[in-house]
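Colleague: Let me give you the structure first, and then I'll get to my questions.
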Amino acid sequence: MDTHGHHPVSVRTAERHGVPHPRPVPVRARVLRDIDVSVIVPARDCGPWLDRCLTSLLVQRVAKEVLVVDDASTDGSASLLRLYAEHHPGVVRVVTMDRPVGAGRARNIALDRARGRYVFFCDADDYLGPEALPRMLAMADRNGSDIVLGKIVGHGRRAPTTMFHANADRVPLRDSAVYNSLCCFKLFRREMLEHHRIRFDEELRVGEDIVFTAHAYCHAEVISVVADYDCYHLIDRPDGSSVMQDPGSRDPVAWLRMIRRPMELMTRHVPPGPLRDHLLRRHFKLDALAQLGAPFLAADPARREQIAAEVGELCARWLTEGVRERLDEVNRQRLDALHDIDRLVRLARVEAASVRCALTGLWWDAEGRLVVRGTASLAGAGSDDGAWLDPAACAVSLVLRQKGDPVPARVYPAESGGTRFTVAFDPGELPSGVWHAYVAVACEGVTRQARLGAERDHEATAPVPRLCGGPAVLPFYTRSHGNLSLDVGGHVVAVRCAARLDAVRWRWGRRLVLDGRISLDGDGPPAPESVRAMVWRERRGGDERAAPVAARAGGAFRAVQPFGRFGPGIWDAYLELDLGGPPLRFRVEAAGVADDLPPPRAWWRGTRRWSVRPYPTAGKGRLSAVVRVTPVRGVHRVRGLARRLLRR
């Protein structure tokens, strides 16, 4: 049987039966067909990291070849590569360059020699997770993918994140963030690369992979994402010797001139319209306008003029109204200030600044509003104390964001004077959930935010919970960092509520009547409509019985519970409330009526005697009831005698 599961047929047998016999496949052709992934590794002076990189590639459980281009290394990497090639013949192939040619040329040389269905690019100082290629290849084969993005994690270096929230079989280029990642550490279908002659720009020392990946995106019909596994590990060299760690590699003017190439290439392939605007937004936000931030502040006045002029040329050529609408407010401000260098400097300073804030007071006012008082200022950009900034030119707001961001944030403008601010608002208007508090400082059209509460005065203790028009609002400080948050409805903070009995009595046989009052710790009683039911829960089995509750203003309530259908066991009484979140249950306290609880009530059901005895639990005096079932003595004997008489 051959490798495809078929029985071999000789040439003579095939001719005798008239069966067409396939032409023999050379051994080399079979090897070519069986390679799934060609991994291309450019290597120059990467000795300390090369062994880890190659080991991570060899453990990948796919049919692979590893093409390493030794770019004239001078650190002894060549001997290590020869050792790997000798021990892994047919898998590790080494191409040695006599002189340095750069990463782009090295990758192109290997790409011309690649034989796999897919190509993956890996730098020699990085490495792969053990299951990276199997997972990415499975995704590609399942969907016929042209490009597969595997999750990238950074170790001392920034890694792209926006496109790795969830696995995706097919990602549309227009409605996703995949184009934000233009590094080449991806799985590419080699047939697509060859058909469109997609290659690295060999003239570029930095950004050659941006040109390559942008070109590939333009021709990819199916793009997939593997986000549930750390596929590619991006390493920061401790010695700072990589090209991207070279300070000159991020020269803003050189970068702006480089980025023209992928923008020109992309616009040649993508016609004007929403898709082109979406892709151009990436280049303007992350490549062009980003140079007007920290790099702009670090430049001298003459260099700033040059940076602004380069950005202006890109805008004159490719900025459309559709691109502008897709940019955030700070970048639109920059576009409007391209001819005002001083304002660009102020915008960059504000964007680079951090918010210093402290909470100095937190309390409920007479109108039931929560009052937040504190200090806020911008610092850290241009000078440590923010002396460049006039506090009067800043607007301060309190921002509340719901955990998980399911709804829009709530913004409350503050009354401010200098660095001090005060905000008073009604938290009862907030939807149910946990809300985190931030301070926002807006200046020059740029808004900076920071969490509020970790820095606070001793007097700024969390106030008692408050019923705000029905929902319970519980201000609290988070356990991890001590930041201010609000729990609307009792989702994560325990609501302290007391349901105390004033009287208990039997009525109409087996009906227990409970009269009592409800109060919230630190506040008045809840609204009558907040009271949902009286719930009795059996301790051992967890069975429950519920009875309606008649609640009145002032916290008074009455519940009538029939015990006729209760099973035997110990039943605990709870009062269930709706305070704006999940249903909350509170044990009913009977300590005040412990001496006045009614006696047990008994009844007969067939030949069994049932009884119910309400009682206060030991210690805290909470209301419970024990239900017992007692068979009549001798009944079993009478039944046995009757059965024997009937048999006769």
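Chain lettering (A, B, ...) mirrors the order of the structure tokens, residue numbering begins at 1 for each chain separately, and ligand numbering begins at 1 in order of display.
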Hey, what's within 6 Å of region 420-435 of chain A if we count only C-alpha atoms and toss same-chain stuff fewer than 4 positions away? As a list of chain:residue names, please?
Modeller: A:Arg369, A:Leu370, A:Val371, A:Val372, A:Arg373, A:Gly374, A:Thr375, A:Leu400, A:Arg401, A:Gln402, A:Lys403, A:Ala414, A:Glu415, A:Ser416, A:Cys468, A:Ser485, A:Leu486, A:Asp487, A:Val488, A:Gly489, A:Gly580, A:Gly581
Colleague: For the residues selected in the previous step, produce a file with all heavy atoms as a short mmCIF file (atom, residue, chain, number, x, y, z; two decimals), in the first residue's frame.
Modeller:
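Contents of the output file part_23.cif:
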data_model
loop_
_atom_site.label_atom_id
_atom_site.label_comp_id
_atom_site.auth_asym_id
_atom_site.auth_seq_id
_atom_site.Cartn_x
_atom_site.Cartn_y
_atom_site.Cartn_z
N ARG A 369 -27.51 63.21 46.05
CA ARG A 369 -26.47 63.12 45.03
C ARG A 369 -25.14 62.72 45.67
O ARG A 369 -24.89 63.01 46.83
CB ARG A 369 -26.31 64.45 44.30
CG ARG A 369 -27.56 64.93 43.59
CD ARG A 369 -27.32 66.27 42.91
NE ARG A 369 -26.89 67.29 43.88
CZ ARG A 369 -26.50 68.52 43.55
NH1 ARG A 369 -26.48 68.88 42.27
NH2 ARG A 369 -26.14 69.37 44.48
N LEU A 370 -24.31 62.05 44.88
CA LEU A 370 -22.98 61.70 45.34
C LEU A 370 -22.03 62.83 44.97
O LEU A 370 -21.95 63.23 43.80
CB LEU A 370 -22.51 60.39 44.70
CG LEU A 370 -21.18 59.84 45.22
CD1 LEU A 370 -21.27 59.49 46.69
CD2 LEU A 370 -20.75 58.62 44.40
N VAL A 371 -21.33 63.35 45.95
CA VAL A 371 -20.40 64.46 45.74
C VAL A 371 -18.98 63.92 45.74
O VAL A 371 -18.57 63.20 46.66
CB VAL A 371 -20.56 65.54 46.82
CG1 VAL A 371 -19.60 66.70 46.56
CG2 VAL A 371 -21.99 66.04 46.87
N VAL A 372 -18.24 64.22 44.66
CA VAL A 372 -16.85 63.79 44.51
C VAL A 372 -15.99 65.03 44.45
O VAL A 372 -16.20 65.91 43.60
CB VAL A 372 -16.66 62.94 43.24
CG1 VAL A 372 -15.21 62.48 43.12
CG2 VAL A 372 -17.60 61.75 43.24
N ARG A 373 -15.02 65.11 45.33
CA ARG A 373 -14.13 66.27 45.36
C ARG A 373 -12.69 65.79 45.29
O ARG A 373 -12.32 64.77 45.89
CB ARG A 373 -14.35 67.08 46.63
CG ARG A 373 -13.43 68.30 46.77
CD ARG A 373 -13.86 69.16 47.93
NE ARG A 373 -15.14 69.82 47.64
CZ ARG A 373 -15.84 70.55 48.52
NH1 ARG A 373 -15.38 70.68 49.76
NH2 ARG A 373 -16.97 71.10 48.16
N GLY A 374 -11.86 66.51 44.52
CA GLY A 374 -10.47 66.11 44.40
C GLY A 374 -9.63 67.14 43.71
O GLY A 374 -10.04 68.30 43.52
N THR A 375 -8.44 66.72 43.33
CA THR A 375 -7.51 67.57 42.58
C THR A 375 -7.09 66.83 41.32
O THR A 375 -7.00 65.60 41.30
CB THR A 375 -6.27 67.92 43.41
OG1 THR A 375 -5.57 66.71 43.75
CG2 THR A 375 -6.65 68.65 44.69
N LEU A 400 -17.45 57.98 34.25
CA LEU A 400 -17.80 56.66 34.78
C LEU A 400 -17.91 55.69 33.62
O LEU A 400 -18.65 55.93 32.67
CB LEU A 400 -19.10 56.71 35.57
CG LEU A 400 -19.12 57.60 36.82
CD1 LEU A 400 -20.49 57.56 37.48
CD2 LEU A 400 -18.04 57.17 37.81
N ARG A 401 -17.16 54.59 33.71
CA ARG A 401 -17.20 53.57 32.67
C ARG A 401 -17.66 52.26 33.29
O ARG A 401 -17.13 51.82 34.31
CB ARG A 401 -15.81 53.37 32.05
CG ARG A 401 -15.29 54.60 31.33
CD ARG A 401 -13.98 54.28 30.62
NE ARG A 401 -13.45 55.45 29.96
CZ ARG A 401 -13.84 55.89 28.77
NH1 ARG A 401 -14.76 55.20 28.11
NH2 ARG A 401 -13.32 56.97 28.23
N GLN A 402 -18.66 51.65 32.65
CA GLN A 402 -19.15 50.38 33.17
C GLN A 402 -18.16 49.27 32.86
O GLN A 402 -17.56 49.22 31.81
CB GLN A 402 -20.52 50.03 32.58
CG GLN A 402 -21.20 48.88 33.29
CD GLN A 402 -22.63 48.70 32.84
OE1 GLN A 402 -23.00 49.17 31.76
NE2 GLN A 402 -23.44 48.03 33.63
N LYS A 403 -17.99 48.37 33.81
CA LYS A 403 -17.06 47.26 33.65
C LYS A 403 -17.45 46.45 32.43
O LYS A 403 -18.59 46.02 32.29
CB LYS A 403 -17.08 46.38 34.90
CG LYS A 403 -16.07 45.26 34.88
CD LYS A 403 -16.12 44.49 36.18
CE LYS A 403 -15.09 43.36 36.19
NZ LYS A 403 -15.13 42.58 37.45
N ALA A 414 -17.05 69.02 35.80
CA ALA A 414 -16.76 69.41 37.17
C ALA A 414 -16.69 70.91 37.30
O ALA A 414 -16.38 71.63 36.34
CB ALA A 414 -15.45 68.78 37.63
N GLU A 415 -17.00 71.39 38.50
CA GLU A 415 -16.71 72.77 38.87
C GLU A 415 -15.27 72.80 39.35
O GLU A 415 -14.92 72.11 40.30
CB GLU A 415 -17.65 73.24 39.97
CG GLU A 415 -19.12 73.26 39.58
CD GLU A 415 -19.99 73.72 40.74
OE1 GLU A 415 -19.41 74.07 41.80
OE2 GLU A 415 -21.22 73.70 40.60
N SER A 416 -14.44 73.56 38.66
CA SER A 416 -13.02 73.52 38.99
C SER A 416 -12.49 74.93 39.19
O SER A 416 -12.96 75.89 38.61
CB SER A 416 -12.22 72.82 37.88
OG SER A 416 -12.41 73.47 36.64
N CYS A 468 -31.15 55.05 45.63
CA CYS A 468 -31.32 56.20 44.74
C CYS A 468 -32.50 55.94 43.81
O CYS A 468 -32.34 55.44 42.69
CB CYS A 468 -30.04 56.46 43.95
SG CYS A 468 -28.60 56.83 44.97
N SER A 485 -14.99 52.97 42.72
CA SER A 485 -15.97 52.36 41.83
C SER A 485 -17.34 52.44 42.48
O SER A 485 -17.45 52.66 43.70
CB SER A 485 -15.61 50.90 41.52
OG SER A 485 -14.41 50.81 40.80
N LEU A 486 -18.37 52.28 41.68
CA LEU A 486 -19.75 52.28 42.16
C LEU A 486 -20.41 50.97 41.75
O LEU A 486 -20.36 50.59 40.59
CB LEU A 486 -20.54 53.46 41.58
CG LEU A 486 -20.00 54.87 41.81
CD1 LEU A 486 -20.90 55.89 41.13
CD2 LEU A 486 -19.90 55.17 43.30
N ASP A 487 -21.04 50.33 42.71
CA ASP A 487 -21.81 49.12 42.44
C ASP A 487 -23.29 49.50 42.48
O ASP A 487 -23.84 49.80 43.54
CB ASP A 487 -21.50 48.06 43.48
CG ASP A 487 -22.17 46.72 43.16
OD1 ASP A 487 -23.04 46.69 42.28
OD2 ASP A 487 -21.82 45.71 43.81
N VAL A 488 -23.92 49.51 41.31
CA VAL A 488 -25.33 49.85 41.22
C VAL A 488 -26.12 48.54 41.16
O VAL A 488 -26.11 47.86 40.13
CB VAL A 488 -25.63 50.72 39.98
CG1 VAL A 488 -27.12 51.06 39.91
CG2 VAL A 488 -24.80 51.99 40.01
N GLY A 489 -26.74 48.18 42.25
CA GLY A 489 -27.55 46.97 42.28
C GLY A 489 -26.99 45.83 43.09
O GLY A 489 -27.62 44.78 43.19
N GLY A 580 -32.08 46.76 42.04
CA GLY A 580 -31.48 47.28 40.82
C GLY A 580 -30.47 46.38 40.18
O GLY A 580 -29.91 46.72 39.13
N GLY A 581 -30.22 45.21 40.75
CA GLY A 581 -29.26 44.27 40.20
C GLY A 581 -29.81 42.87 40.28
O GLY A 581 -31.00 42.64 40.10
#
Colleague: Taking the DSSP assignment computed from this structure's backbone, write out as a VMD selection string all residues of region 120-360 of chain A that belong to alpha helix (DSSP H).
Modeller: chain A and resid 132 to 143 190 to 195 208 to 219 252 to 258 260 to 269 274 to 282 294 to 298 301 to 318 321 to 326 329 to 336 341 to 352
Colleague: For region 613-627 of chain A, work out the shell of residues within 8 Å, counting only C-alpha atoms and skipping chain neighbours fewer than 6 positions away, then give it as an NGL selection string.
Modeller: :A and (566-573 or 587-591 or 594 or 597-601)
Colleague: Could you write out the selected residues, including N, CA and C atoms, as a short mmCIF file (atom, residue, chain, number, x, y, z; two decimals), in the first residue's frame?
Modeller:
data_model
loop_
_atom_site.label_atom_id
_atom_site.label_comp_id
_atom_site.auth_asym_id
_atom_site.auth_seq_id
_atom_site.Cartn_x
_atom_site.Cartn_y
_atom_site.Cartn_z
N PHE A 566 -45.14 21.70 52.30
CA PHE A 566 -43.72 21.63 52.62
C PHE A 566 -43.33 20.19 52.94
N GLY A 567 -42.18 19.76 52.46
CA GLY A 567 -41.67 18.46 52.82
C GLY A 567 -40.97 18.49 54.16
N PRO A 568 -40.65 17.34 54.71
CA PRO A 568 -39.96 17.32 56.00
C PRO A 568 -38.56 17.89 55.88
N GLY A 569 -38.09 18.55 56.94
CA GLY A 569 -36.77 19.13 56.96
C GLY A 569 -36.76 20.45 57.71
N ILE A 570 -35.61 21.14 57.64
CA ILE A 570 -35.46 22.45 58.28
C ILE A 570 -35.48 23.50 57.18
N TRP A 571 -36.38 24.45 57.29
CA TRP A 571 -36.58 25.48 56.27
C TRP A 571 -36.19 26.83 56.84
N ASP A 572 -35.32 27.56 56.10
CA ASP A 572 -34.86 28.89 56.52
C ASP A 572 -35.61 29.96 55.73
N ALA A 573 -35.96 31.06 56.41
CA ALA A 573 -36.75 32.13 55.79
C ALA A 573 -35.83 33.24 55.28
N ARG A 587 -31.65 36.98 55.29
CA ARG A 587 -32.29 36.16 56.30
C ARG A 587 -33.22 37.01 57.16
N VAL A 588 -34.34 36.43 57.50
CA VAL A 588 -35.34 37.13 58.31
C VAL A 588 -34.97 36.96 59.78
N GLU A 589 -34.86 38.10 60.47
CA GLU A 589 -34.42 38.09 61.87
C GLU A 589 -35.63 37.99 62.79
N ALA A 590 -35.56 37.03 63.71
CA ALA A 590 -36.67 36.78 64.63
C ALA A 590 -36.28 36.99 66.08
N ALA A 591 -35.11 37.59 66.33
CA ALA A 591 -34.66 37.75 67.71
C ALA A 591 -35.64 38.58 68.53
N ALA A 594 -38.61 36.31 69.60
CA ALA A 594 -38.25 34.94 69.97
C ALA A 594 -39.15 34.38 71.05
N LEU A 597 -43.02 33.59 69.59
CA LEU A 597 -43.30 32.74 68.44
C LEU A 597 -44.44 31.78 68.77
N PRO A 598 -45.33 31.53 67.83
CA PRO A 598 -46.48 30.65 68.12
C PRO A 598 -46.04 29.20 68.31
N PRO A 599 -46.87 28.41 68.96
CA PRO A 599 -46.53 27.00 69.18
C PRO A 599 -46.60 26.23 67.87
N PRO A 600 -46.10 24.99 67.86
CA PRO A 600 -46.17 24.18 66.63
C PRO A 600 -47.61 23.98 66.19
N ARG A 601 -47.78 23.77 64.89
CA ARG A 601 -49.09 23.49 64.32
C ARG A 601 -49.02 22.10 63.68
#
Colleague: Work out how far apart CA of Leu128 (chain A) and CA of Ser56 (chain A) are and give it in Å to one decimal.
Modeller: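 Straight-line distance from CA of Leu128 (chain A) to CA of Ser56 (chain A) works out to 5.5 Å.
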Colleague: DSSP on the backbone, then: every residue of region 229-382 of chain A marked strand (DSSP E or B), written as a ChimeraX atom specification.
Modeller: /A:229-235,354-364,370-379
Colleague: Grab the CA of Arg605 (chain A) to CA of Trp506 (chain A) distance for me, in Å with one decimal place.
Modeller: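 CA of Trp506 (chain A) lies 19.0 Å from CA of Arg605 (chain A).
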Colleague: Which one is closest to Asp365 (chain A): A:His87, A:His436, A:Arg466, A:Arg257? Count only C-alpha atoms.
Modeller: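 Among the listed residues, the smallest separation from Asp365 (chain A) belongs to A:Arg466.
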Colleague: Would you list the contacts of Cys46 (chain A) as a VMD selection string, taking every protein, DNA or RNA residue within 10 Å and counting only C-alpha atoms, but skipping same-chain residues closer than 3 positions in sequence?
Modeller: chain A and resid 42 to 43 49 to 51 53 70 73 to 77 123 to 126 237 241 to 242
Colleague: Next, write the just-selected residues to a file, as a compact mmCIF listing (two decimals), in the first residue's frame, keeping all heavy atoms as the atom set.
Modeller:
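Output below, filename result-v6.txt:
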# COMPACT_ATOMS: atom_id res chain seq x y z
N PRO A 42 16.02 34.97 8.49
CA PRO A 42 17.25 35.72 8.22
C PRO A 42 18.05 35.85 9.52
O PRO A 42 17.48 36.17 10.58
CB PRO A 42 16.73 37.08 7.74
CG PRO A 42 15.40 37.22 8.40
CD PRO A 42 14.84 35.84 8.57
N ALA A 43 19.33 35.61 9.48
CA ALA A 43 20.13 35.62 10.70
C ALA A 43 21.42 36.39 10.48
O ALA A 43 22.17 36.10 9.55
CB ALA A 43 20.45 34.19 11.14
N TRP A 49 20.62 33.88 20.57
CA TRP A 49 19.19 33.56 20.47
C TRP A 49 18.89 32.51 19.41
O TRP A 49 17.77 31.99 19.35
CB TRP A 49 18.41 34.84 20.13
CG TRP A 49 18.66 35.95 21.11
CD1 TRP A 49 18.03 36.15 22.31
CD2 TRP A 49 19.61 37.00 20.98
NE1 TRP A 49 18.54 37.25 22.94
CE2 TRP A 49 19.52 37.80 22.14
CE3 TRP A 49 20.55 37.35 20.00
CZ2 TRP A 49 20.31 38.92 22.34
CZ3 TRP A 49 21.36 38.46 20.20
CH2 TRP A 49 21.23 39.23 21.36
N LEU A 50 19.86 32.21 18.57
CA LEU A 50 19.61 31.35 17.42
C LEU A 50 19.21 29.94 17.82
O LEU A 50 18.33 29.33 17.22
CB LEU A 50 20.86 31.34 16.53
CG LEU A 50 20.72 30.66 15.17
CD1 LEU A 50 19.59 31.28 14.37
CD2 LEU A 50 22.04 30.78 14.40
N ASP A 51 19.84 29.40 18.85
CA ASP A 51 19.55 28.03 19.26
C ASP A 51 18.10 27.90 19.73
O ASP A 51 17.40 26.95 19.37
CB ASP A 51 20.52 27.61 20.37
CG ASP A 51 20.36 26.16 20.74
OD1 ASP A 51 20.62 25.29 19.89
OD2 ASP A 51 19.94 25.88 21.88
N CYS A 53 15.59 29.82 18.88
CA CYS A 53 14.72 30.00 17.71
C CYS A 53 14.61 28.72 16.91
O CYS A 53 13.49 28.26 16.61
CB CYS A 53 15.26 31.13 16.84
SG CYS A 53 14.39 31.34 15.28
N ASP A 70 22.22 32.99 6.44
CA ASP A 70 23.26 33.59 7.28
C ASP A 70 23.78 34.82 6.56
O ASP A 70 24.53 34.73 5.60
CB ASP A 70 24.38 32.57 7.51
CG ASP A 70 25.50 33.14 8.37
OD1 ASP A 70 25.31 34.23 8.95
OD2 ASP A 70 26.56 32.50 8.45
N SER A 73 27.25 36.66 9.11
CA SER A 73 27.41 36.84 10.56
C SER A 73 28.89 36.78 10.93
O SER A 73 29.69 36.07 10.30
CB SER A 73 26.65 35.75 11.32
OG SER A 73 25.27 35.86 11.10
N THR A 74 29.24 37.51 11.97
CA THR A 74 30.63 37.55 12.44
C THR A 74 30.79 37.04 13.85
O THR A 74 31.86 37.16 14.44
CB THR A 74 31.15 39.00 12.37
OG1 THR A 74 30.33 39.83 13.21
CG2 THR A 74 31.13 39.53 10.96
N ASP A 75 29.71 36.45 14.42
CA ASP A 75 29.75 36.03 15.82
C ASP A 75 29.83 34.52 15.97
O ASP A 75 29.57 33.98 17.06
CB ASP A 75 28.51 36.54 16.56
CG ASP A 75 27.22 35.93 16.02
OD1 ASP A 75 27.25 35.34 14.92
OD2 ASP A 75 26.19 36.05 16.70
N GLY A 76 30.15 33.80 14.92
CA GLY A 76 30.25 32.35 15.01
C GLY A 76 28.94 31.63 14.78
O GLY A 76 28.87 30.41 15.01
N SER A 77 27.92 32.31 14.31
CA SER A 77 26.64 31.65 14.05
C SER A 77 26.76 30.60 12.96
O SER A 77 26.00 29.62 12.95
CB SER A 77 25.58 32.69 13.65
OG SER A 77 25.34 33.61 14.69
N ASP A 123 12.11 35.88 12.76
CA ASP A 123 13.42 36.48 13.00
C ASP A 123 14.23 35.58 13.92
O ASP A 123 13.67 34.89 14.79
CB ASP A 123 13.28 37.87 13.61
CG ASP A 123 13.00 38.93 12.55
OD1 ASP A 123 13.01 38.58 11.35
OD2 ASP A 123 12.76 40.09 12.91
N ALA A 124 15.54 35.60 13.79
CA ALA A 124 16.40 34.67 14.50
C ALA A 124 16.46 34.92 15.99
O ALA A 124 16.87 34.04 16.75
CB ALA A 124 17.81 34.72 13.91
N ASP A 125 16.08 36.11 16.46
CA ASP A 125 16.08 36.36 17.90
C ASP A 125 14.70 36.15 18.52
O ASP A 125 14.54 36.33 19.73
CB ASP A 125 16.60 37.77 18.21
CG ASP A 125 15.97 38.83 17.31
OD1 ASP A 125 15.06 38.48 16.53
OD2 ASP A 125 16.39 40.00 17.39
N ASP A 126 13.71 35.77 17.73
CA ASP A 126 12.38 35.47 18.24
C ASP A 126 12.17 33.95 18.24
O ASP A 126 13.05 33.19 17.83
CB ASP A 126 11.31 36.15 17.38
CG ASP A 126 11.46 37.67 17.37
OD1 ASP A 126 11.95 38.22 18.37
OD2 ASP A 126 11.11 38.28 16.34
N ARG A 237 16.12 42.46 22.48
CA ARG A 237 17.50 42.06 22.81
C ARG A 237 18.03 42.93 23.95
O ARG A 237 17.96 44.16 23.88
CB ARG A 237 18.40 42.24 21.59
CG ARG A 237 18.10 41.30 20.44
CD ARG A 237 19.24 41.37 19.44
NE ARG A 237 18.91 40.75 18.18
CZ ARG A 237 19.74 40.71 17.14
NH1 ARG A 237 20.93 41.30 17.23
NH2 ARG A 237 19.38 40.12 16.01
N SER A 241 20.90 45.42 20.11
CA SER A 241 21.64 45.32 18.85
C SER A 241 20.77 45.08 17.63
O SER A 241 21.29 45.03 16.51
CB SER A 241 22.67 44.17 18.96
OG SER A 241 22.01 42.95 19.25
N SER A 242 19.46 44.89 17.80
CA SER A 242 18.63 44.65 16.63
C SER A 242 18.41 45.95 15.85
O SER A 242 18.57 47.05 16.38
CB SER A 242 17.27 44.06 17.05
OG SER A 242 16.50 45.03 17.70
Colleague: Calculated over only C-alpha atoms, which of the candidates A:Gly102, A:Gly90, A:Gly368, A:Pro413 has the smallest distance to Arg44 (chain A)?
Modeller: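 When distances to Arg44 (chain A) are compared using only C-alpha atoms, the smallest one comes from A:Gly102.
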Colleague: I'd like the interatomic distance between CA of Glu310 (chain A) and CA of Arg324 (chain A), to a tenth of an Å.
Modeller: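 Here the two named atoms are 17.6 Å from each other.
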Colleague: If you count only C-alpha atoms, which residues fall within 12 Å of Asp112 (chain A), apart from same-chain ones fewer than 6 positions away, as a PyMOL selection string?
Modeller: chain A and resi 38+40+67+69+95+105-106+119+190-191+193-194+197-200
Colleague: If you count only C-alpha atoms, which residues fall within 8 Å of Glu351 (chain A), apart from same-chain ones fewer than 5 positions away, as a PDB file with all heavy atoms, in the first residue's frame?
Modeller:
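What ended up in around.pdb:
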ATOM      1  N   GLY A 293       3.827  63.151  17.692  1.00  0.00           N
ATOM      2  CA  GLY A 293       3.749  62.966  19.129  1.00  0.00           C
ATOM      3  C   GLY A 293       5.112  63.063  19.778  1.00  0.00           C
ATOM      4  O   GLY A 293       5.805  64.083  19.697  1.00  0.00           O
ATOM      5  N   VAL A 446      -7.400  67.848  23.439  1.00  0.00           N
ATOM      6  CA  VAL A 446      -6.934  66.505  23.763  1.00  0.00           C
ATOM      7  C   VAL A 446      -7.373  66.174  25.179  1.00  0.00           C
ATOM      8  O   VAL A 446      -7.246  66.999  26.088  1.00  0.00           O
ATOM      9  CB  VAL A 446      -5.405  66.395  23.643  1.00  0.00           C
ATOM     10  CG1 VAL A 446      -4.938  64.992  23.975  1.00  0.00           C
ATOM     11  CG2 VAL A 446      -4.957  66.801  22.250  1.00  0.00           C
ATOM     12  N   THR A 447      -7.895  64.969  25.382  1.00  0.00           N
ATOM     13  CA  THR A 447      -8.370  64.546  26.692  1.00  0.00           C
ATOM     14  C   THR A 447      -7.493  63.415  27.211  1.00  0.00           C
ATOM     15  O   THR A 447      -7.255  62.429  26.519  1.00  0.00           O
ATOM     16  CB  THR A 447      -9.830  64.068  26.627  1.00  0.00           C
ATOM     17  OG1 THR A 447     -10.648  65.134  26.149  1.00  0.00           O
ATOM     18  CG2 THR A 447     -10.321  63.632  27.999  1.00  0.00           C
ATOM     19  N   ARG A 448      -7.026  63.585  28.441  1.00  0.00           N
ATOM     20  CA  ARG A 448      -6.246  62.548  29.122  1.00  0.00           C
ATOM     21  C   ARG A 448      -7.039  62.080  30.338  1.00  0.00           C
ATOM     22  O   ARG A 448      -7.714  62.872  30.995  1.00  0.00           O
ATOM     23  CB  ARG A 448      -4.895  63.095  29.576  1.00  0.00           C
ATOM     24  CG  ARG A 448      -4.079  63.708  28.448  1.00  0.00           C
ATOM     25  CD  ARG A 448      -3.579  62.668  27.493  1.00  0.00           C
ATOM     26  NE  ARG A 448      -2.616  61.790  28.143  1.00  0.00           N
ATOM     27  CZ  ARG A 448      -2.289  60.580  27.697  1.00  0.00           C
ATOM     28  NH1 ARG A 448      -2.878  60.101  26.618  1.00  0.00           N
ATOM     29  NH2 ARG A 448      -1.388  59.858  28.323  1.00  0.00           N
TER      30      ARG A 448
END
Colleague: Give me the residues within 10 Å of Phe586 (chain A) as a list in words, counting only C-alpha atoms and dropping any in the same chain fewer than 5 places off.
Modeller: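 Those residues are Val495, Arg496, Cys497, Ala498, Ala499, Met534, Val535, Ala573, Tyr574, Leu575, Glu576 and Leu577 of chain A.
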Colleague: Could you save the residues just selected, with C-alpha atoms, as a PDB file, in the first residue's frame?
Modeller:
ATOM      1  CA  VAL A 495     -25.721  44.962  50.506  1.00  0.00           C
ATOM      2  CA  ARG A 496     -26.487  45.091  54.205  1.00  0.00           C
ATOM      3  CA  CYS A 497     -30.194  44.887  54.758  1.00  0.00           C
ATOM      4  CA  ALA A 498     -32.219  43.945  57.852  1.00  0.00           C
ATOM      5  CA  ALA A 499     -35.629  42.250  57.720  1.00  0.00           C
ATOM      6  CA  MET A 534     -40.625  35.557  51.029  1.00  0.00           C
ATOM      7  CA  VAL A 535     -38.544  32.488  50.187  1.00  0.00           C
ATOM      8  CA  ALA A 573     -36.746  32.129  55.791  1.00  0.00           C
ATOM      9  CA  TYR A 574     -35.341  34.749  53.390  1.00  0.00           C
ATOM     10  CA  LEU A 575     -36.726  38.018  52.157  1.00  0.00           C
ATOM     11  CA  GLU A 576     -35.930  38.557  48.467  1.00  0.00           C
ATOM     12  CA  LEU A 577     -35.440  42.123  47.204  1.00  0.00           C
TER      13      LEU A 577
END
